[in-house]
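A.B. asks: First the structure, which I've put down as C-alpha cells, then a few questions once you've had a look.
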Number of protein chains: 2
Amino acid sequence: MTATDVPVDNGVNVEALLGARDALTAAPDAAKFDWRATCEWQNGTHSSSTVEGFFGLGEEQRHRTRYSFDTDHPEIFASADNGATPVEYVLVGLAGCLTAGVAAVAQNREIQLRRVSATIEGSMDVRGILGADTDVRNGFDGIKVTYDIDADATPAEIKALVAQSQKRSAVYDIITNPTDVRVEVR
Amino acid sequence: MTATDVPVDNGVNVEALLGARDALTAAPDAAKFDWRATCEWQNGTHSSSTVEGFFGLGEEQRHRTRYSFDTDHPEIFASADNGATPVEYVLVGLAGCLTAGVAAVAQNREIQLRRVSATIEGSMDVRGILGADTDVRNGFDGIKVTYDIDADATPAEIKALVAQSQKRSAVYDIITNPTDVRVEVR
C-alpha cells in the first residue's frame, strides 16, 4: 500500500454532513437551532457560565456533558483573574470555528491534515470600555488570525481550505457582520 | 449599624477603574491592548485553545494562570462533542461581559447586588453553515439575553444598570457591530 492508497482521515464524517445538508434542505424547520448559556455572577467581574442544552432538529438536545466556564478581568484591571476575559472567549470561539471548518473542508477535498495551529490576536483600545473617550469603540479594532498548517497539499490548496472555512464559519460571520442582541430584565 | 450603613460591596474596585480611566486619558498609548488565543487542532471538529499572555499598559502581561478550552461540535453533527461549540463560546463571552459590567456599574452607583443571573440564547438556521442555502447567514439570526437581578434598587434602577453595561460592553459591541478579521496562512 503506498501513501496515496491510505484513505484521507481527518476525523470528520463528511458523508453525515452532506446527508444532513440534504435532509435539512428538504425539511428546513429542523435546521432552526437555539444555542444557550446560563450565567451566574460570582463576585466583582467574575461570573460562571454553563452550556448544556440546546434546541435543534425539532427537539431539545443535550451535550454529552455540562461545560462550565469562568470569565473575569485580569489583575491589572484590579480584578481577581478567576478566568479568561470575555473577549478572549470570543477569540477562542473564532479559532475553534475556523479550525473545525478547515478540518471539514480538508476531509471533503480529500486532503490529509497533519497539524493545524492558529494564533489569534484582537487589538483593542481600552479607553472605549473605560468610558474615557466615546469616539473609541468598546470592541476590537480588528482581529488577525494566522494559520500554520501541515497537510498533504500545495500552499495554494491550503490557502483555499482556509478561505472556504471562513466562508462557512458561524463565528467569523458573527464577528464580521452585525447581529441584533436584545437584552431584557425579568 | 442599620442596613443603610453597610458600605456597598460588589467586589469591584471602582476607584482603581476610575484611576485607570484618568491615567489612560492622559497616556492613550498605554490603552492599546492585544488579546490573544492559540489554537491547536486535535481531530475532526475538536480543537484545544489556550489563553495566557496579552499586551497592555505598554508591555507584555500574563494571566494568573493559563486557561485552556476545548471546542467541538455535538454528536448530532456526527462529531465527538469534546467541548462546547464555538458559537456557545461567543454566548459565554457576551454573558460574562455584560454581567461584569452590571457589577461594575452597580458598584459605581452604590447599588448592592445580591444575585445576578442571565440566560442567553442565540438562534441560528444551520442551513447557512452547511451550505444548504446561501441566502441563510452562517451566524446567529439574533441573540436574546434575559437578566434576573436581586439588588437593593428599584426595577427602573436595575434596568438602567443593565442598559449602562450594554453601552460599555466590549463583546456586545463585537456582536452588534462589524469587526474586520484578517486570516492569513503562514
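As shown in the C-alpha cells, the chain order sets the letters A, B, ...; within each chain, residues go from 1, and ligands are also counted from 1 in the order they appear.
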List every residue of region 16-75 of chain B that has an atom at most 12 Å from any atom of region 62-76 of chain A, and for each one report the closest atom pair and its distance in Å to one decimal, counting only C-alpha atoms, with rows sorted by chain and then by increasing residue number, as a tab-separated table.

C.D. replies:
residue	atom	partner	partner_atom	distance
B:Ala16	CA	A:Ile76	CA	9.5
B:Leu17	CA	A:Ile76	CA	9.8
B:Gly19	CA	A:Ile76	CA	12.0
B:Ala20	CA	A:Ile76	CA	9.5
B:Ala31	CA	A:Ile76	CA	11.9
B:Phe33	CA	A:Ile76	CA	11.8
B:Trp35	CA	A:Pro74	CA	11.5
B:Val51	CA	A:Thr71	CA	12.0
B:Glu52	CA	A:Pro74	CA	10.6
B:Gly53	CA	A:Pro74	CA	10.8
B:Phe54	CA	A:Pro74	CA	10.1
B:Phe55	CA	A:Ile76	CA	11.1
B:Gly56	CA	A:Ile76	CA	9.0
B:Leu57	CA	A:Ile76	CA	8.7
B:Glu59	CA	A:Ile76	CA	11.6
B:Glu60	CA	A:Ile76	CA	11.6
B:Gln61	CA	A:Ile76	CA	8.6
B:Arg62	CA	A:Pro74	CA	8.5
B:His63	CA	A:Pro74	CA	6.4
B:Arg64	CA	A:Pro74	CA	7.8
B:Thr65	CA	A:Pro74	CA	10.4
B:Tyr67	CA	A:Asp70	CA	9.7
B:Ser68	CA	A:Phe69	CA	10.2
B:Phe69	CA	A:Phe69	CA	8.9
B:Asp70	CA	A:Tyr67	CA	9.7
B:Thr71	CA	A:Tyr67	CA	10.4
B:Asp72	CA	A:His63	CA	10.5
B:His73	CA	A:His63	CA	9.3
B:Pro74	CA	A:His63	CA	6.4
B:Glu75	CA	A:His63	CA	7.8

A.B. asks: Just the residues within 12 Å of Glu15 (chain B), please, counting only C-alpha atoms, with nothing from its chain fewer than 2 positions along; format it as JSON, numbers by chain.

C.D. replies: {"A": [77, 78], "B": [11, 12, 13, 17, 18, 19, 20, 21, 22, 104, 107, 108]}

A.B. asks: Taking only C-alpha atoms into account, which of A:Glu121, A:Asp180, A:Glu40, A:Asp133 comes nearest Val92 (chain B)?

C.D. replies: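 Under the stated criterion, the closest residue is A:Glu40.
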
A.B. asks: As a ChimeraX atom specification, list the residues of chain B assigned to strand (DSSP E or B) by DSSP on the backbone atoms of this structure.

C.D. replies: /B:32-43,46-56,59-71,84,113-125,142-151,181-185

A.B. asks: With 7 Å as the cut-off and only C-alpha atoms counted, what is the closest atom pair between each nearby residue of region 102-172 of chain A and region 161-174 of chain B? Distances in Å to one decimal, ordered by chain and number, as a Markdown table.

C.D. replies:
| residue | atom | partner | partner_atom | distance |
| --- | --- | --- | --- | --- |
| A:Ile129 | CA | B:Arg168 | CA | 4.9 |
| A:Gly131 | CA | B:Arg168 | CA | 7.0 |
| A:Asn138 | CA | B:Ala170 | CA | 4.5 |
| A:Gly139 | CA | B:Ala170 | CA | 4.2 |
| A:Phe140 | CA | B:Ile174 | CA | 6.7 |

A.B. asks: Write the residues of the preceding selection, restricted to C-alpha atoms, as a short mmCIF file (atom, residue, chain, number, x, y, z; two decimals), in the first residue's frame.

C.D. replies:
data_model
loop_
_atom_site.label_atom_id
_atom_site.label_comp_id
_atom_site.auth_asym_id
_atom_site.auth_seq_id
_atom_site.Cartn_x
_atom_site.Cartn_y
_atom_site.Cartn_z
CA ILE A 129 -14.77 50.21 27.76
CA GLY A 131 -15.60 55.37 29.00
CA ASN A 138 -15.61 49.13 23.06
CA GLY A 139 -14.80 46.09 20.96
CA PHE A 140 -11.82 45.03 18.89
#

A.B. asks: Hey, what's within 7 Å of Thr146 (chain A) if we count only C-alpha atoms and toss same-chain stuff fewer than 5 positions away? As a list in words, please?

C.D. replies: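 Once the adjacent positions are removed, what remains is Ala118, Thr119 and Ile120 of chain A; Val183, Glu184, Val185 and Arg186 of chain B.
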
A.B. asks: For CA of Thr38 (chain A) and CA of Gln112 (chain B), determine how far apart the two atoms are, in Å to one decimal place.

C.D. replies: 21.8 Å

A.B. asks: Which of these residues is nearest to Arg137 (chain B), using only C-alpha atoms: B:Val181, B:Met124, B:Ile149, B:Val102?

C.D. replies: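 When distances to Arg137 (chain B) are compared using only C-alpha atoms, the smallest one comes from B:Met124.
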
A.B. asks: Near His46 (chain B), within 9 Å and counting only C-alpha atoms, which residues show up once chain neighbours fewer than 4 positions away are dropped, as a list of chain:residue names?

C.D. replies: A:Gly96, A:Thr99, A:Ala100, B:Trp41, B:Gln42, B:Asp70, B:Thr71, B:Asp72, B:His73, B:Ser79, B:Ala80, B:Asp81, B:Asn82, B:Gly83

A.B. asks: Mind checking DSSP for chain A and telling me the helix (DSSP H, G or I) residues as a ChimeraX atom specification?

C.D. replies: /A:3-5,14-26,28-31,75-77,86-108,155-167,170-176

A.B. asks: Given the choices B:Lys159, B:Lys144, B:Arg114, B:Arg127, which gets closest to Lys32 (chain A) if the distance is worked out from only C-alpha atoms?

C.D. replies: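 Of all the options, B:Arg127 lies closest to Lys32 (chain A).
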
A.B. asks: Counting only C-alpha atoms, figure out which residue out of B:Val6, B:Cys97, B:Ala103, B:Ala84 gets nearest to Val116 (chain B).

C.D. replies: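 The shortest atom-to-atom distance to Val116 (chain B) comes from B:Ala103.
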